[in-house]
Structure formats: structure tokens, C-alpha cells
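Comments concern the structure below.
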Amino acid sequence: MTSQDLLFYGALAKCPLCGGTLICDNEKRFVCGGEISEWCSCVFSTKDPPRKEEPVKIPDSVMNSAISDVSIPI
């Protein structure tokens with residue numbers, strides 16, 4: 001997941017099948033890196049991953065740096 005994805009859409013929630021961590025693969029899909037059981041990897045994948053409801057917390061060290069003053073034209 002890129003930092004732009006994180007800031008625009010929010011942090012990823014856990015996998016709805018196994019509670020594992022979702023990661024972005026090279027095909028713009030999000031896949032689970034967790035395991036359903038001791039013998040079986042999770043097979044969950046999606047192009048529209050679940051997101052956490054709470055806003056992203058940006059550290060004060062970033063907010064108080066020169067980069068926070070940079071504006072990007074839209």
C-alpha cells in the first residue's frame with residue numbers, strides 16, 4: 001500500500017476471513033498474508049479492501065516538518 005492510498009482512503013482493516021494482514025500485490029489487488037489453519041493459507045483477495053473507520057494519525061514530527069507546508073495542485 002502506498003502512502004497516498006493510506007491518506008486518501010484510510011488504513012486497511014484486517015482480513016475478514018482470517019484476521020490476517022492485507023498486502024497489495026503487483027496487480028493492484030489486495031491479498032491476505034494470513035493462514036486459515038495450520039495447513040492452509042488464506043485465499044482472500046479483493047480490489048476493494050475493507051478500511052478502518054478511524055482517521056489516519058499523522059505523527060507530530062511529520063506535521064511540524066517542512067514537508068507539511070508543501071501543497072500539491074489537484
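Ordering of the C-alpha cells sets the chain letters (A, B, ...); residue numbers start at 1 within each chain; ligands are numbered from 1 in the order shown.
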So which residues touch A:Asp48 within 10 Å, counting only C-alpha atoms, skipping near sequence neighbours fewer than 4 positions away, as a PDB file with N, CA and C atoms, in the first residue's frame?
ATOM      1  N   LYS A  28      -2.394  -4.659  -8.518  1.00  0.00           N
ATOM      2  CA  LYS A  28      -3.344  -3.712  -7.920  1.00  0.00           C
ATOM      3  C   LYS A  28      -4.482  -4.429  -7.193  1.00  0.00           C
ATOM      4  N   ARG A  29      -4.170  -5.592  -6.639  1.00  0.00           N
ATOM      5  CA  ARG A  29      -5.106  -6.349  -5.824  1.00  0.00           C
ATOM      6  C   ARG A  29      -4.579  -6.396  -4.406  1.00  0.00           C
ATOM      7  N   PHE A  30      -5.471  -6.551  -3.453  1.00  0.00           N
ATOM      8  CA  PHE A  30      -5.072  -6.728  -2.067  1.00  0.00           C
ATOM      9  C   PHE A  30      -5.302  -8.188  -1.706  1.00  0.00           C
TER      10      PHE A  30
END
Skipping near chain neighbours, those fewer than 3 positions away, what residues fall within 6 Å of A:Cys32 using only C-alpha atoms, listed as a list in words? Thr21, Leu22 and Phe44 of chain A
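In this structure, atom CA of A:Leu6 sits 10.0 Å away from atom CA of A:Pro55.
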Atomic separation - atom CA of A:Val31 relative to atom CA of A:Thr46, Å: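 Computing it gives 6.6 Å between the two atoms.
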Give me, as a list in words, all polymer residues having an atom no more than 8 Å from A:Cys18, counting only C-alpha atoms and skipping those fewer than 6 positions away in the same chain. Gly34, Glu35, Ile36 and Cys42 of chain A
Give me, as number ranges by chain, the residues of stretch 17-70 of chain A that a backbone DSSP run labels strand (DSSP E or B). A: 22-24, 30-32, 35, 41, 45-46, 51
Same residues, C-alpha atoms, saved as a tab-separated table (two decimals), in the first residue's frame:
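Done, and the output landed in part_19.tsv:
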chain	number	residue	atom	x	y	z
A	22	LEU	CA	-3.79	-7.42	3.75
A	23	ILE	CA	-0.99	-6.50	1.35
A	24	CYS	CA	-1.04	-5.03	-2.15
A	30	PHE	CA	-5.07	-6.73	-2.07
A	31	VAL	CA	-4.35	-10.25	-0.84
A	32	CYS	CA	-4.18	-11.74	2.63
A	35	GLU	CA	-3.45	-18.51	7.44
A	41	SER	CA	-3.05	-20.22	3.72
A	45	SER	CA	-8.20	-11.22	-2.35
A	46	THR	CA	-10.06	-8.09	-3.44
A	51	ARG	CA	-10.85	0.03	5.59
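Shortest separation to A:Ala13 among A:Trp39, A:Pro50, A:Asn26, A:Ile58 occurs at residue A:Pro50, atoms counted being only C-alpha atoms.
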DSSP alpha helix (DSSP H) selection over stretch 16-71 of chain A, as a PyMOL selection string: chain A and resi 60-63
I need the chosen residues saved as a PDB file, in the first residue's frame, with N, CA and C atoms.
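Final output, saved to result-v8.pdb:
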ATOM      1  N   ASP A  60       3.332  14.017  14.962  1.00  0.00           N
ATOM      2  CA  ASP A  60       3.669  15.438  15.073  1.00  0.00           C
ATOM      3  C   ASP A  60       4.982  15.756  14.370  1.00  0.00           C
ATOM      4  N   SER A  61       5.927  14.821  14.375  1.00  0.00           N
ATOM      5  CA  SER A  61       7.209  15.063  13.716  1.00  0.00           C
ATOM      6  C   SER A  61       7.033  15.308  12.215  1.00  0.00           C
ATOM      7  N   VAL A  62       6.020  14.697  11.620  1.00  0.00           N
ATOM      8  CA  VAL A  62       5.740  14.925  10.198  1.00  0.00           C
ATOM      9  C   VAL A  62       4.964  16.217  10.023  1.00  0.00           C
ATOM     10  N   MET A  63       3.974  16.433  10.863  1.00  0.00           N
ATOM     11  CA  MET A  63       3.151  17.649  10.747  1.00  0.00           C
ATOM     12  C   MET A  63       3.956  18.921  10.993  1.00  0.00           C
TER      13      MET A  63
END
